[in-house]
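Only one structure is covered here, and it is reproduced in the block below.
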Amino acid sequence: MSEIGTFTIHTTDGKARRASLTTARGVLETPVFMPVGTAATVKSLAPWELHDAGAQIILGNTYHLYLRPGDERIARLGGLHKFMDWDKPILTDSGGFQVFSLSALRKIESEGVAFQSHIDGSHHFFSPEKVIAIQNNLGSDIMMVLDECVPYGADYDYTAKSLTLTTDWAKRSRLAYPKGSGKQLMFGIVQGGFYPELRRQSAEELKEIDFDGFALGGLSVGESTEEMYAMLAASAPFLPESMPRYLMGVGKPEDILEGVANGIDMFDCVLPTRNARNGTLYTWHGKVNIKRAEFADDESPLDPECSCPCCRRFSRAYLRHLYIARELLSYRLNTIHNVHFFLELMTRTRQAIEEGRFDAFKTEMVSRLSAPYQR
């Protein structure tokens with residue numbers, strides 16, 4: 001296996017890249033989607049089900065794991081991988097987004113951010129160094145630095161001031177864990193709100209720090225799809241071409257494809273699991289609201305093109321029954337299917353790039369996903 005941190009671009013199709021990233025626990029084939037396992041579990045799924053679905057990497061969250069069960073406890077128990085019985089790579093988000101979403105319960109300072117737990121109101125403080133120490137305890141393969149995710153609509157002056165803080169925190173994070181001091185990779189996060197010049201400034205400042213990859217943060221925070229796509233297209237070129245690029249928290253299938261078209265390599269989102277619990281299922285012929293009465297007597301599989309256990313074994317009628325009855329199996333089967341769909345979408349995306357037909361594939365998929373569901 002190549003040296004940890006090696007990023008190799010194998011082929012391109014326009015701006016879309018087919019690449020690989022070597023981590024301590026395996027090579028990631030990109031573009032890649034990371035199912036979100038916020039609290040050491042992808043909701044309702046066992047690790048072997050993620051394996052069977054084709055997951056290469058999952059995401060854990062520093063904020064939630066720090067609060068419960070505690071990063072030091074996880075370290076004593078052998079680290080996050082052993083704790084949750086997951087032997088493939090894990091990326092841990094810094095928790096910055098969660099902390100900053102607690103607007104009434106936190107206070108930003110130059111040294112970090114003071115906040116109250118959403119669980120019991122207890123007081124805590126995250127500095128850049130503290131966040132890295134927590135992720136060290138967790139033992140993730142890719143760590144994210146602490147940053148401030150500014151709210152949508154923030155004015156230029158606030159965003160510029162925030163960016164200065166984010167860059168300072170990024171420098172301190174790297175100093176707390178110098179490159180080569182362990183097997184964990186560290187990504188910087190480009191911020192700058194919806195001001196292209198600030199996005200450029202952020203990227204240029206982060207390039208001076210010896211990171212292993214770069215993420216775009218602060219998108220999908222309330223803006224329109226058109227605004228998000230415009231800022232994505234404006235920001236992606238500022239990121240180093242030779243490094244992995246990660247678009248944080250953007251997860252609609254059509255948005256992922258737009259990201260790939262702009263040269264993004266890594267994605268995560270709670271959408272497939274959250275929508276599964278709400279009865280919204282993704283198929284190769286459009287989205288399905290499984291609670292609809294039209295499926296009550298439908299003996300056909302949810303998606304004839306899908307090879308997941310849910311589609312191979314069960315009918316739409318049964319899936320609807322489980323959901324209406326609020327049976328726990330409903331959440332499990334729906335999640336298995338949605339996660340499988342997202343991972344298969346990435347497999348097909350990688351193949352399309354390899355075969356030089358990504359634009360046609362993207363156009364077809366966006367058309368399928370946006371059209372009314374057809375049996």
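Chain labels run A, B, ... following the order of the structure tokens; each chain numbers its residues from 1, and ligands are numbered from 1 in the order shown.
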
Can you tell me, as a tab-separated table (two decimals) with C-alpha atoms, in the first residue's frame, what residues are no more than 8 Å from Ala40 in chain A when counting only C-alpha atoms, ignoring any on the same chain fewer than 6 positions away?
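Result file follows (part-v4.tsv):
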chain	number	residue	atom	x	y	z
A	60	GLY	CA	-18.17	10.27	13.33
A	65	LEU	CA	-18.75	11.56	21.07
A	80	LEU	CA	-13.44	4.35	18.06
A	84	MET	CA	-17.94	0.24	17.25

TODO: Go through range 49-195 of chain A and collect every residue that DSSP, computed from the backbone, puts in strand (DSSP E or B); the answer should be as a count of residues only.
DONE: 30

Task: Pick from A:Glu205, A:Glu129, A:Glu148, A:Glu299 nearest to Leu175 in chain A, counting only C-alpha atoms - done: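 Among the listed residues, the smallest separation from Leu175 in chain A belongs to A:Glu129.
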
Open item on the list: To one decimal place in Å, what is the distance between CA of Thr159 in chain A and CA of Arg199 in chain A?
Closed with: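 CA of Thr159 in chain A sits 10.2 Å away from CA of Arg199 in chain A.
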
Task: Distance criterion (only C-alpha atoms): nearest to Asp212 in chain A out of A:Ile4, A:Asn338, A:Lys287, A:Lys362 - done: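 Residue with the minimum atom-to-atom distance to Asp212 in chain A: A:Ile4.
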
TODO: Could you please write out, as a VMD selection string, every residue of range 108-333 of chain A that DSSP assigns to helix (DSSP H, G or I)?
DONE: chain A and resid 128 to 138 156 to 176 196 to 207 225 to 238 253 to 261 271 to 277 293 to 295 309 to 313 316 to 324 328 to 333

Could those residues be written to a file, using C-alpha atoms, as an mmCIF file, in the first residue's frame?
data_model
loop_
_atom_site.group_PDB
_atom_site.id
_atom_site.type_symbol
_atom_site.label_atom_id
_atom_site.label_comp_id
_atom_site.auth_asym_id
_atom_site.auth_seq_id
_atom_site.Cartn_x
_atom_site.Cartn_y
_atom_site.Cartn_z
ATOM 1 C CA PRO A 128 -8.455 24.046 18.392
ATOM 2 C CA GLU A 129 -5.975 22.045 20.451
ATOM 3 C CA LYS A 130 -8.730 20.428 22.519
ATOM 4 C CA VAL A 131 -10.593 19.326 19.396
ATOM 5 C CA ILE A 132 -7.452 17.692 18.004
ATOM 6 C CA ALA A 133 -6.804 15.982 21.344
ATOM 7 C CA ILE A 134 -10.342 14.572 21.326
ATOM 8 C CA GLN A 135 -9.889 13.240 17.793
ATOM 9 C CA ASN A 136 -6.560 11.750 18.827
ATOM 10 C CA ASN A 137 -8.369 9.870 21.572
ATOM 11 C CA LEU A 138 -10.984 8.694 19.106
ATOM 12 C CA TYR A 156 -19.106 40.841 4.856
ATOM 13 C CA ASP A 157 -17.508 42.337 7.967
ATOM 14 C CA TYR A 158 -18.659 39.521 10.244
ATOM 15 C CA THR A 159 -17.610 36.889 7.705
ATOM 16 C CA ALA A 160 -14.160 38.465 7.264
ATOM 17 C CA LYS A 161 -13.627 38.633 11.033
ATOM 18 C CA SER A 162 -14.737 35.020 11.364
ATOM 19 C CA LEU A 163 -12.347 33.976 8.610
ATOM 20 C CA THR A 164 -9.387 35.475 10.504
ATOM 21 C CA LEU A 165 -10.372 33.379 13.504
ATOM 22 C CA THR A 166 -10.815 30.218 11.429
ATOM 23 C CA THR A 167 -7.377 30.609 9.841
ATOM 24 C CA ASP A 168 -5.752 31.142 13.239
ATOM 25 C CA TRP A 169 -7.492 28.043 14.589
ATOM 26 C CA ALA A 170 -6.322 26.050 11.562
ATOM 27 C CA LYS A 171 -2.692 27.034 12.241
ATOM 28 C CA ARG A 172 -3.015 26.078 15.895
ATOM 29 C CA SER A 173 -4.584 22.743 14.949
ATOM 30 C CA ARG A 174 -1.649 21.838 12.733
ATOM 31 C CA LEU A 175 0.830 22.866 15.431
ATOM 32 C CA ALA A 176 -1.018 20.620 17.880
ATOM 33 C CA PRO A 196 -15.901 34.618 -3.426
ATOM 34 C CA GLU A 197 -13.013 36.914 -2.517
ATOM 35 C CA LEU A 198 -13.115 35.656 1.078
ATOM 36 C CA ARG A 199 -13.286 32.062 -0.134
ATOM 37 C CA ARG A 200 -10.152 32.707 -2.183
ATOM 38 C CA GLN A 201 -8.440 34.332 0.799
ATOM 39 C CA SER A 202 -9.322 31.382 3.027
ATOM 40 C CA ALA A 203 -7.993 28.842 0.523
ATOM 41 C CA GLU A 204 -4.760 30.772 -0.008
ATOM 42 C CA GLU A 205 -4.145 31.052 3.722
ATOM 43 C CA LEU A 206 -4.826 27.358 4.316
ATOM 44 C CA LYS A 207 -2.472 26.348 1.494
ATOM 45 C CA THR A 225 -29.666 25.493 -4.681
ATOM 46 C CA GLU A 226 -28.662 28.080 -7.261
ATOM 47 C CA GLU A 227 -26.647 30.031 -4.676
ATOM 48 C CA MET A 228 -24.954 26.880 -3.439
ATOM 49 C CA TYR A 229 -23.980 25.775 -6.939
ATOM 50 C CA ALA A 230 -22.650 29.227 -7.778
ATOM 51 C CA MET A 231 -20.468 29.348 -4.656
ATOM 52 C CA LEU A 232 -19.320 25.772 -5.204
ATOM 53 C CA ALA A 233 -18.247 26.599 -8.761
ATOM 54 C CA ALA A 234 -16.506 29.764 -7.558
ATOM 55 C CA SER A 235 -14.721 28.101 -4.610
ATOM 56 C CA ALA A 236 -13.592 24.700 -5.896
ATOM 57 C CA PRO A 237 -10.911 26.109 -8.234
ATOM 58 C CA PHE A 238 -9.210 27.738 -5.230
ATOM 59 C CA PRO A 253 -27.741 12.956 -5.076
ATOM 60 C CA GLU A 254 -28.007 15.729 -7.646
ATOM 61 C CA ASP A 255 -25.902 18.009 -5.419
ATOM 62 C CA ILE A 256 -23.248 15.306 -5.076
ATOM 63 C CA LEU A 257 -23.090 14.991 -8.859
ATOM 64 C CA GLU A 258 -22.747 18.771 -9.162
ATOM 65 C CA GLY A 259 -19.892 18.560 -6.682
ATOM 66 C CA VAL A 260 -18.175 15.832 -8.691
ATOM 67 C CA ALA A 261 -18.569 17.969 -11.809
ATOM 68 C CA LEU A 271 -29.928 12.631 4.191
ATOM 69 C CA PRO A 272 -30.042 8.918 3.289
ATOM 70 C CA THR A 273 -30.546 7.823 6.905
ATOM 71 C CA ARG A 274 -32.826 10.675 7.974
ATOM 72 C CA ASN A 275 -35.038 10.345 4.917
ATOM 73 C CA ALA A 276 -35.190 6.584 5.423
ATOM 74 C CA ARG A 277 -36.708 7.130 8.861
ATOM 75 C CA ALA A 293 -51.691 4.378 -0.154
ATOM 76 C CA GLU A 294 -50.938 3.391 -3.743
ATOM 77 C CA PHE A 295 -48.346 0.915 -2.460
ATOM 78 C CA PRO A 309 -31.480 -7.010 0.519
ATOM 79 C CA CYS A 310 -34.505 -4.751 0.955
ATOM 80 C CA CYS A 311 -35.289 -4.813 -2.765
ATOM 81 C CA ARG A 312 -34.330 -8.458 -3.279
ATOM 82 C CA ARG A 313 -36.570 -9.781 -0.502
ATOM 83 C CA ARG A 316 -43.477 -2.232 -1.632
ATOM 84 C CA ALA A 317 -46.642 -3.364 0.125
ATOM 85 C CA TYR A 318 -44.629 -4.884 2.966
ATOM 86 C CA LEU A 319 -42.366 -1.849 3.277
ATOM 87 C CA ARG A 320 -45.426 0.398 3.453
ATOM 88 C CA HIS A 321 -47.016 -1.836 6.088
ATOM 89 C CA LEU A 322 -43.899 -1.695 8.255
ATOM 90 C CA TYR A 323 -43.715 2.066 8.003
ATOM 91 C CA ILE A 324 -47.407 2.665 8.765
ATOM 92 C CA LEU A 328 -38.419 -0.886 13.890
ATOM 93 C CA LEU A 329 -37.668 -3.086 10.892
ATOM 94 C CA SER A 330 -39.029 -0.310 8.682
ATOM 95 C CA TYR A 331 -36.221 2.055 9.696
ATOM 96 C CA ARG A 332 -33.609 -0.650 9.231
ATOM 97 C CA LEU A 333 -34.751 -1.793 5.788
#

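The environment of Gly180 in chain A within 10 Å, counting only C-alpha atoms and disregarding residues fewer than 3 places along the same chain, consists of Ile4, Gly5, Tyr177, Lys183, Gln184 and Leu185 of chain A.
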
Can I get the selection written as a compact mmCIF listing (two decimals), in the first residue's frame, with C-alpha atoms?
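Resulting contents of selection.txt:
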# COMPACT_ATOMS: atom_id res chain seq x y z
CA ILE A 4 -0.44 7.23 4.26
CA GLY A 5 -1.74 10.49 2.82
CA TYR A 177 -0.53 17.67 15.54
CA LYS A 183 -1.09 8.03 11.25
CA GLN A 184 -4.02 10.43 11.31
CA LEU A 185 -4.56 12.79 8.38
